[in-house]
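Below is coords13.cif, holding mmCIF, C-alpha atoms.
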data_input
loop_
_atom_site.label_atom_id
_atom_site.label_comp_id
_atom_site.auth_asym_id
_atom_site.auth_seq_id
_atom_site.Cartn_x
_atom_site.Cartn_y
_atom_site.Cartn_z
CA MET D 1 120.13 72.22 77.50
CA SER D 2 121.31 74.92 75.15
CA ASP D 3 125.03 75.01 74.43
CA LYS D 4 125.06 78.58 73.13
CA PHE D 5 124.68 81.43 75.58
CA ILE D 6 124.79 85.18 75.17
CA ARG D 7 126.36 87.39 77.80
CA ALA D 8 123.56 89.60 79.03
CA ILE D 9 124.27 91.65 82.15
CA SER D 10 126.60 91.82 85.09
CA THR D 11 125.23 90.15 88.23
CA ASP D 12 125.59 93.38 90.20
CA GLU D 13 123.24 95.22 87.86
CA ILE D 14 120.16 93.77 89.56
CA ALA D 15 119.56 93.66 93.29
CA PRO D 16 117.72 90.62 94.67
CA GLY D 17 114.03 91.02 93.88
CA GLY D 18 114.82 93.24 90.91
CA MET D 19 114.39 92.90 87.17
CA LYS D 20 116.06 94.39 84.14
CA SER D 21 115.17 94.25 80.47
CA VAL D 22 117.76 93.59 77.79
CA GLU D 23 117.65 92.95 74.09
CA LEU D 24 119.52 89.87 72.97
CA ASP D 25 119.72 89.08 69.29
CA GLY D 26 116.45 90.90 68.69
CA ARG D 27 114.65 89.20 71.59
CA GLU D 28 113.27 91.32 74.41
CA VAL D 29 114.21 89.54 77.62
CA VAL D 30 113.76 90.38 81.28
CA ILE D 31 116.30 89.03 83.71
CA CYS D 32 114.96 88.47 87.21
CA ASN D 33 117.08 88.17 90.33
CA CYS D 34 115.18 85.84 92.66
CA GLY D 35 117.31 85.93 95.79
CA GLY D 36 120.56 85.42 93.87
CA THR D 37 119.20 82.99 91.30
CA TYR D 38 118.70 84.51 87.88
CA TYR D 39 115.83 83.70 85.56
CA ALA D 40 115.17 85.05 82.09
CA ILE D 41 111.66 85.54 80.74
CA GLN D 42 110.14 87.18 77.70
CA ARG D 43 109.66 90.89 78.27
CA ARG D 44 106.09 91.07 77.06
CA CYS D 45 103.18 90.10 79.28
CA GLY D 46 101.16 87.12 78.08
CA HIS D 47 98.01 89.19 78.41
CA MET D 48 98.48 92.51 76.61
CA ASN D 49 102.22 92.79 75.95
CA ALA D 50 103.06 95.27 78.72
CA PRO D 51 106.76 95.37 79.71
CA LEU D 52 107.05 93.05 82.69
CA GLU D 53 110.19 94.61 84.16
CA MET D 54 108.03 97.58 85.13
CA GLY D 55 105.91 95.28 87.30
CA THR D 56 106.88 93.68 90.57
CA LEU D 57 108.81 90.54 91.40
CA GLU D 58 107.87 88.79 94.61
CA GLY D 59 109.66 85.50 95.20
CA LYS D 60 109.40 83.72 91.87
CA PHE D 61 106.22 85.50 90.83
CA VAL D 62 106.12 88.50 88.54
CA THR D 63 103.06 90.76 88.43
CA CYS D 64 102.36 92.74 85.27
CA PRO D 65 102.18 96.51 85.82
CA MET D 66 99.25 96.89 83.44
CA HIS D 67 96.44 94.59 84.62
CA CYS D 68 98.22 92.61 87.35
CA ALA D 69 98.36 89.27 85.53
CA GLN D 70 100.87 87.02 87.30
CA PHE D 71 103.44 84.58 86.00
CA ASP D 72 105.91 82.11 87.48
CA VAL D 73 109.33 83.27 86.27
CA THR D 74 110.81 79.79 86.69
CA THR D 75 108.37 78.16 84.27
CA GLY D 76 106.67 81.07 82.51
CA GLN D 77 103.32 79.66 83.51
CA ALA D 78 100.43 82.13 83.60
CA LEU D 79 99.00 82.04 87.11
CA SER D 80 96.24 84.61 86.94
CA GLY D 81 94.60 86.87 84.45
CA PRO D 82 93.88 90.58 84.67
CA VAL D 83 92.34 92.04 87.79
CA PRO D 84 89.16 93.97 87.00
CA ALA D 85 89.67 97.71 87.12
CA ASP D 86 87.84 99.91 89.55
CA LEU D 87 86.65 103.06 87.86
CA GLY D 88 85.29 104.26 91.17
CA LYS D 89 82.36 106.56 91.40
CA GLU D 90 83.85 109.19 89.17
CA SER D 91 81.50 110.15 86.40
CA LEU D 92 83.12 109.79 83.01
CA SER D 93 82.35 111.96 80.06
CA PRO D 94 80.03 110.23 77.57
CA VAL D 95 82.87 109.93 75.07
CA LEU D 96 85.23 108.40 77.61
CA ALA D 97 82.51 106.12 78.98
CA ALA D 98 81.79 104.84 75.46
CA TYR D 99 85.50 104.33 74.86
CA MET D 100 85.92 102.40 78.12
CA GLN D 101 82.93 100.24 77.24
CA HIS D 102 84.47 99.50 73.87
CA VAL D 103 87.83 98.64 75.43
CA SER D 104 86.14 96.40 78.01
CA ALA D 105 84.30 94.55 75.25
CA LEU D 106 87.56 94.04 73.36
CA MET D 107 89.43 92.91 76.45
CA LYS D 108 86.79 90.43 77.55
CA ASP D 109 88.00 87.73 75.19
CA ILE D 110 91.74 88.29 75.53
CA ARG D 111 93.35 85.22 77.03
CA THR D 112 96.37 85.35 79.29
CA GLU D 113 98.98 83.06 77.78
CA SER D 114 102.04 81.66 79.51
CA ILE D 115 105.29 83.42 78.68
CA CYS D 116 108.60 82.10 77.34
CA THR D 117 111.48 81.45 79.68
CA TYR D 118 115.12 81.13 78.73
CA GLU D 119 117.87 79.14 80.34
CA THR D 120 120.46 81.16 82.23
CA LYS D 121 123.87 80.58 83.72
CA VAL D 122 126.18 82.77 85.74
CA GLU D 123 129.86 82.85 84.89
CA ALA D 124 132.52 85.21 86.16
CA GLY D 125 129.98 87.69 87.46
CA TRP D 126 127.93 87.76 84.29
CA VAL D 127 124.48 86.42 83.59
CA HIS D 128 124.31 84.55 80.30
CA VAL D 129 121.06 83.71 78.57
CA ALA D 130 120.54 80.82 76.19
CA ALA D 131 120.60 81.89 72.56
CA MET O 132 95.26 78.71 84.38
CA GLU O 133 96.49 75.68 86.22
CA THR O 134 94.76 75.34 89.59
CA GLU O 135 97.56 73.71 91.56
CA SER O 136 100.13 76.31 90.52
CA ARG O 137 97.77 79.15 91.36
CA LYS O 138 97.01 77.61 94.76
CA LYS O 139 100.74 77.54 95.52
CA ALA O 140 101.10 81.16 94.41
CA LEU O 141 98.16 82.29 96.56
CA HIS O 142 99.62 80.39 99.49
CA TYR O 143 102.92 82.20 99.01
CA PHE O 144 101.34 85.66 98.79
CA PHE O 145 98.85 85.15 101.61
CA ASP O 146 101.51 83.78 103.93
CA LYS O 147 103.43 87.03 103.61
CA VAL O 148 100.35 89.04 104.55
CA VAL O 149 98.85 87.05 107.40
CA GLY O 150 102.07 86.31 109.28
CA PRO O 151 102.66 89.90 110.43
CA LEU O 152 98.98 90.05 111.44
CA GLY O 153 99.48 87.22 113.92
CA PHE O 154 97.77 84.57 111.81
CA LYS O 155 98.90 81.42 110.01
CA PHE O 156 97.34 78.93 107.63
CA THR O 157 95.13 76.40 109.34
CA PRO O 158 96.99 73.21 110.27
CA ASP O 159 94.07 71.32 108.68
CA VAL O 160 95.79 70.75 105.33
CA GLU O 161 92.73 69.25 103.67
CA LEU O 162 90.60 72.27 104.55
CA MET O 163 93.35 74.65 103.45
CA ASP O 164 93.63 72.88 100.13
CA PHE O 165 89.87 72.94 99.60
CA LEU O 166 89.49 76.63 100.45
CA LEU O 167 92.40 77.70 98.28
CA GLU O 168 90.91 75.74 95.42
CA GLN O 169 87.58 77.54 95.84
CA GLU O 170 89.42 80.86 95.79
CA VAL O 171 91.13 79.93 92.55
CA VAL O 172 87.70 79.17 91.09
CA LEU O 173 86.36 82.52 92.30
CA GLU O 174 89.40 84.31 90.96
CA GLY O 175 88.89 82.64 87.59
CA LYS O 176 85.29 83.86 87.57
CA HIS O 177 85.66 87.36 89.01
CA GLY O 178 89.37 88.14 88.62
CA ILE O 179 89.74 88.46 92.40
CA PRO O 180 90.15 85.70 95.03
CA PHE O 181 87.17 86.46 97.23
CA CYS O 182 86.50 84.60 100.47
CA PRO O 183 84.66 81.42 99.49
CA CYS O 184 82.42 81.61 102.57
CA GLN O 185 81.04 85.12 102.14
CA PRO O 186 78.36 86.27 99.70
CA LEU O 187 79.24 88.77 97.00
CA ARG O 188 76.97 91.80 97.23
CA HIS O 189 78.05 93.39 93.94
CA ASP O 190 78.88 96.53 95.87
CA ARG O 191 82.56 97.14 95.14
CA ALA O 192 83.36 98.77 98.49
CA ARG O 193 81.80 95.92 100.47
CA ASP O 194 83.05 93.18 98.20
CA MET O 195 86.63 94.42 98.55
CA GLN O 196 86.33 93.72 102.27
CA ILE O 197 86.05 90.00 101.58
CA VAL O 198 89.09 89.70 99.33
CA CYS O 199 91.24 87.01 100.88
CA PRO O 200 92.99 87.49 103.24
CA CYS O 201 90.25 89.72 104.63
CA ILE O 202 91.68 89.79 108.17
CA PRO O 203 92.44 93.56 108.22
CA PHE O 204 88.79 94.36 107.52
CA HIS O 205 87.43 92.10 110.28
CA ARG O 206 90.32 92.14 112.69
CA GLU O 207 88.34 92.57 115.91
CA HIS O 208 85.96 89.76 115.01
CA PHE O 209 88.66 87.33 113.89
CA ASP O 210 90.84 88.08 116.91
CA ALA O 211 87.86 87.22 119.13
CA ILE O 212 87.26 83.84 117.47
CA LYS O 213 90.96 83.21 116.73
CA ARG O 214 90.23 82.32 113.13
CA CYS O 215 89.03 84.00 109.98
CA TRP O 216 85.45 83.38 108.96
CA CYS O 217 86.10 80.41 106.68
CA GLY O 218 88.91 79.01 108.81
CA LEU O 219 91.69 79.31 106.24
CA PHE O 220 93.67 81.31 108.78
CA VAL O 221 93.93 80.85 112.52
CA HIS O 222 95.85 82.62 115.25
CA LYS O 223 99.47 81.52 115.39
CA ASP O 224 98.95 79.79 118.75
CA VAL O 225 96.09 77.59 117.52
CA MET O 226 96.99 73.92 117.17
CA ASP O 227 93.49 72.43 117.02
CA PRO O 228 91.37 74.49 114.60
CA ASP O 229 88.36 72.19 115.04
CA SER O 230 87.99 73.47 118.59
CA LEU O 231 87.28 76.99 117.34
CA PRO O 232 83.60 77.73 116.82
CA GLN O 233 82.55 79.91 113.90
CA LEU O 234 80.75 82.63 115.84
CA PRO O 235 79.12 85.65 114.22
CA PRO O 236 80.17 89.12 115.47
CA LYS O 237 77.11 89.58 117.67
CA ASP O 238 77.97 86.40 119.61
CA VAL O 239 81.36 87.76 120.59
CA GLY O 240 80.10 91.12 121.79
CA LEU O 241 80.57 92.98 118.52
CA GLU O 242 77.78 94.87 116.71
#

Transcribe the structure of this file into structure tokens.
Amino acid sequence: MSDKFIRAISTDEIAPGGMKSVELDGREVVICNCGGTYYAIQRRCGHMNAPLEMGTLEGKFVTCPMHCAQFDVTTGQALSGPVPADLGKESLSPVLAAYMQHVSALMKDIRTESICTYETKVEAGWVHVAA
Amino acid sequence: METESRKKALHYFFDKVVGPLGFKFTPDVELMDFLLEQEVVLEGKHGIPFCPCQPLRHDRARDMQIVCPCIPFHREHFDAIKRCWCGLFVHKDVMDPDSLPQLPPKDVGLE
């Protein structure tokens, strides 16, 4: 257990089910309010670095806003990878189609890694995150 | 991805969806565990937890109708047999899932 904590945000800054990003000593951290219990996770998705606070928090599971990879905010464990996109039946211009094909080929081998979590504690109405 | 953790997550998400639809997870824990595990395997392969008992047709519109829980897409059929096709979900009043036959739509007056 870490003995050094940094004061991050006031507890009333995040409603239950909400998230907020903060920068603490150069680290990008997202603080999650899971029904009154606060968890801190790395801000960047373990898949393609999207900012997780722009996703959704349901229970203890955060879903990335970019490709819907999911993580457990209590452990940081990656639970699922990206959901395949639906380009629908819209016809893409040849240039865009080629670009999308290139992006798909690049993305195929990207692994979804688990994310870092940080210890938190609440004191006097403030959420503190381990340094 | 770790299978057990993903199974727990799917259970959590599905429970929130099927409850308001009048369904619950089957009381047959072994079956539930097996089906969720198959869905995790399918999700690992396709990126989406499809129903493990339905064939993929590689037609996006049709395949999306078998994404678990697929109850909203087959509501009339599942309400008639009080279970979903694979048996992962049953009507809330069902205590003995083994008593529910897996009947195709035409056998319950649909189609």

Output of the PyMOL selection byres ((chain D and resi 5-8) around 10), listed as a tab-separated table (two decimals) with C-alpha atoms, in the coordinates of the input:
chain	number	residue	atom	x	y	z
D	2	SER	CA	121.31	74.92	75.15
D	3	ASP	CA	125.03	75.01	74.43
D	4	LYS	CA	125.06	78.58	73.13
D	9	ILE	CA	124.27	91.65	82.15
D	10	SER	CA	126.60	91.82	85.09
D	11	THR	CA	125.23	90.15	88.23
D	21	SER	CA	115.17	94.25	80.47
D	22	VAL	CA	117.76	93.59	77.79
D	23	GLU	CA	117.65	92.95	74.09
D	24	LEU	CA	119.52	89.87	72.97
D	25	ASP	CA	119.72	89.08	69.29
D	29	VAL	CA	114.21	89.54	77.62
D	31	ILE	CA	116.30	89.03	83.71
D	119	GLU	CA	117.87	79.14	80.34
D	120	THR	CA	120.46	81.16	82.23
D	121	LYS	CA	123.87	80.58	83.72
D	122	VAL	CA	126.18	82.77	85.74
D	123	GLU	CA	129.86	82.85	84.89
D	126	TRP	CA	127.93	87.76	84.29
D	127	VAL	CA	124.48	86.42	83.59
D	128	HIS	CA	124.31	84.55	80.30
D	129	VAL	CA	121.06	83.71	78.57
D	130	ALA	CA	120.54	80.82	76.19
D	131	ALA	CA	120.60	81.89	72.56

Practice task
Using only C-alpha atoms, determine which residues of chain O fall within 8 Å of chain D; present them as a VMD selection string.
Solution key: chain O and resid 132 to 133 136 to 137 140 174 to 175 177 to 179

Please evaluate the PyMOL selection byres ((chain O and resi 207-222) around 9) against the displayed coordinates and give the resulting residues as a PDB file with C-alpha atoms, keeping the file's coordinate frame.
ATOM      1  CA  VAL O 149      98.850  87.050 107.400  1.00  0.00           C
ATOM      2  CA  LEU O 152      98.980  90.050 111.440  1.00  0.00           C
ATOM      3  CA  GLY O 153      99.480  87.220 113.920  1.00  0.00           C
ATOM      4  CA  PHE O 154      97.770  84.570 111.810  1.00  0.00           C
ATOM      5  CA  LYS O 155      98.900  81.420 110.010  1.00  0.00           C
ATOM      6  CA  PHE O 156      97.340  78.930 107.630  1.00  0.00           C
ATOM      7  CA  THR O 157      95.130  76.400 109.340  1.00  0.00           C
ATOM      8  CA  PRO O 158      96.990  73.210 110.270  1.00  0.00           C
ATOM      9  CA  ASP O 159      94.070  71.320 108.680  1.00  0.00           C
ATOM     10  CA  LEU O 162      90.600  72.270 104.550  1.00  0.00           C
ATOM     11  CA  MET O 163      93.350  74.650 103.450  1.00  0.00           C
ATOM     12  CA  LEU O 166      89.490  76.630 100.450  1.00  0.00           C
ATOM     13  CA  LEU O 167      92.400  77.700  98.280  1.00  0.00           C
ATOM     14  CA  CYS O 182      86.500  84.600 100.470  1.00  0.00           C
ATOM     15  CA  PRO O 183      84.660  81.420  99.490  1.00  0.00           C
ATOM     16  CA  CYS O 184      82.420  81.610 102.570  1.00  0.00           C
ATOM     17  CA  GLN O 185      81.040  85.120 102.140  1.00  0.00           C
ATOM     18  CA  PRO O 200      92.990  87.490 103.240  1.00  0.00           C
ATOM     19  CA  CYS O 201      90.250  89.720 104.630  1.00  0.00           C
ATOM     20  CA  ILE O 202      91.680  89.790 108.170  1.00  0.00           C
ATOM     21  CA  PRO O 203      92.440  93.560 108.220  1.00  0.00           C
ATOM     22  CA  PHE O 204      88.790  94.360 107.520  1.00  0.00           C
ATOM     23  CA  HIS O 205      87.430  92.100 110.280  1.00  0.00           C
ATOM     24  CA  ARG O 206      90.320  92.140 112.690  1.00  0.00           C
ATOM     25  CA  LYS O 223      99.470  81.520 115.390  1.00  0.00           C
ATOM     26  CA  ASP O 224      98.950  79.790 118.750  1.00  0.00           C
ATOM     27  CA  VAL O 225      96.090  77.590 117.520  1.00  0.00           C
ATOM     28  CA  MET O 226      96.990  73.920 117.170  1.00  0.00           C
ATOM     29  CA  PRO O 228      91.370  74.490 114.600  1.00  0.00           C
ATOM     30  CA  LEU O 231      87.280  76.990 117.340  1.00  0.00           C
ATOM     31  CA  PRO O 232      83.600  77.730 116.820  1.00  0.00           C
ATOM     32  CA  GLN O 233      82.550  79.910 113.900  1.00  0.00           C
ATOM     33  CA  LEU O 234      80.750  82.630 115.840  1.00  0.00           C
ATOM     34  CA  PRO O 235      79.120  85.650 114.220  1.00  0.00           C
ATOM     35  CA  PRO O 236      80.170  89.120 115.470  1.00  0.00           C
ATOM     36  CA  VAL O 239      81.360  87.760 120.590  1.00  0.00           C
ATOM     37  CA  LEU O 241      80.570  92.980 118.520  1.00  0.00           C
TER      38      LEU O 241
END

Handout entry: Atomic distance CA of Arg191 in chain O - CA of Asp238 in chain O, expressed in Å with one decimal
Key =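 Calculated distance between CA of Arg191 in chain O and CA of Asp238 in chain O is 27.1 Å.
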
Problem - Between CA of Val73 in chain D and CA of Met48 in chain D, distance in Å (one decimal) - result: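 These atoms are spaced 17.2 Å apart.
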
Exercise for the section: Give me, please, the distance in Å between CA of Asn49 in chain D and CA of Asp12 in chain D, quoted to one decimal. Expected result: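 Computed distance, CA of Asn49 in chain D to CA of Asp12 in chain D, equals 27.4 Å.
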
Exercise for the section: Carefully work through the PyMOL selection byres ((chain D and resi 30) around 8) for this structure and note down the residues it includes, as a PyMOL selection string. Expected result: chain D and resi 19-22+28-29+31-32+40-43+52-53

Return the padded bounding box of range 7-24 of chain D as lines of an AutoDock Vina configuration file: axis-aligned, built from all atoms listed in the file, 4 Å added on each side, with centre and edge lengths in Å to one decimal.
center_x = 120.3
center_y = 91.3
center_z = 83.8
size_x = 20.6
size_y = 15.8
size_z = 29.7

Handout entry: Within 8 Å of Gly18 in chain D using all atoms listed in the file, minus same-chain residues under 5 positions, as a PyMOL selection string
Key = chain D and resi 32-34+56-57

Fix up range 29-53 of chain D with N, CA and C atoms, then write it as a compact mmCIF listing (two decimals), in the coordinates of the input.
# COMPACT_ATOMS: atom_id res chain seq x y z
N VAL D 29 114.13 90.48 76.49
CA VAL D 29 114.21 89.54 77.62
C VAL D 29 114.27 90.33 78.92
N VAL D 30 113.63 89.79 79.94
CA VAL D 30 113.76 90.38 81.28
C VAL D 30 114.52 89.40 82.15
N ILE D 31 115.55 89.89 82.80
CA ILE D 31 116.30 89.03 83.71
C ILE D 31 115.85 89.35 85.13
N CYS D 32 115.50 88.31 85.86
CA CYS D 32 114.96 88.47 87.21
C CYS D 32 115.96 87.90 88.22
N ASN D 33 116.21 88.66 89.26
CA ASN D 33 117.08 88.17 90.33
C ASN D 33 116.21 87.71 91.49
N CYS D 34 116.01 86.41 91.58
CA CYS D 34 115.18 85.84 92.66
C CYS D 34 116.12 85.37 93.77
N GLY D 35 116.45 86.28 94.66
CA GLY D 35 117.31 85.93 95.79
C GLY D 35 118.65 85.36 95.37
N GLY D 36 119.23 85.88 94.30
CA GLY D 36 120.56 85.42 93.87
C GLY D 36 120.52 84.40 92.76
N THR D 37 119.34 83.89 92.45
CA THR D 37 119.20 82.99 91.30
C THR D 37 118.58 83.80 90.17
N TYR D 38 119.16 83.68 89.01
CA TYR D 38 118.70 84.51 87.88
C TYR D 38 117.84 83.69 86.92
N TYR D 39 116.72 84.32 86.55
CA TYR D 39 115.83 83.70 85.56
C TYR D 39 115.63 84.70 84.43
N ALA D 40 115.44 84.18 83.24
CA ALA D 40 115.17 85.05 82.09
C ALA D 40 113.80 84.70 81.51
N ILE D 41 113.01 85.74 81.29
CA ILE D 41 111.66 85.54 80.74
C ILE D 41 111.46 86.50 79.57
N GLN D 42 110.45 86.23 78.78
CA GLN D 42 110.14 87.18 77.70
C GLN D 42 109.68 88.48 78.34
N ARG D 43 109.97 89.59 77.68
CA ARG D 43 109.66 90.89 78.27
C ARG D 43 108.17 91.18 78.26
N ARG D 44 107.48 90.68 77.26
CA ARG D 44 106.09 91.07 77.06
C ARG D 44 105.12 90.18 77.82
N CYS D 45 104.20 90.82 78.51
CA CYS D 45 103.18 90.10 79.28
C CYS D 45 102.36 89.20 78.35
N GLY D 46 101.97 88.06 78.86
CA GLY D 46 101.16 87.12 78.08
C GLY D 46 99.72 87.56 77.94
N HIS D 47 99.37 88.69 78.54
CA HIS D 47 98.01 89.19 78.41
C HIS D 47 97.94 90.27 77.33
N MET D 48 98.56 91.42 77.59
CA MET D 48 98.48 92.51 76.61
C MET D 48 99.82 93.17 76.30
N ASN D 49 100.90 92.34 76.42
CA ASN D 49 102.22 92.79 75.95
C ASN D 49 102.88 93.91 76.74
N ALA D 50 102.41 94.22 77.93
CA ALA D 50 103.06 95.27 78.72
C ALA D 50 104.46 94.82 79.12
N PRO D 51 105.38 95.75 79.33
CA PRO D 51 106.76 95.37 79.71
C PRO D 51 106.80 94.90 81.18
N LEU D 52 107.15 93.64 81.35
CA LEU D 52 107.05 93.05 82.69
C LEU D 52 108.06 93.60 83.69
N GLU D 53 109.20 94.12 83.19
CA GLU D 53 110.19 94.61 84.16
C GLU D 53 109.68 95.84 84.91
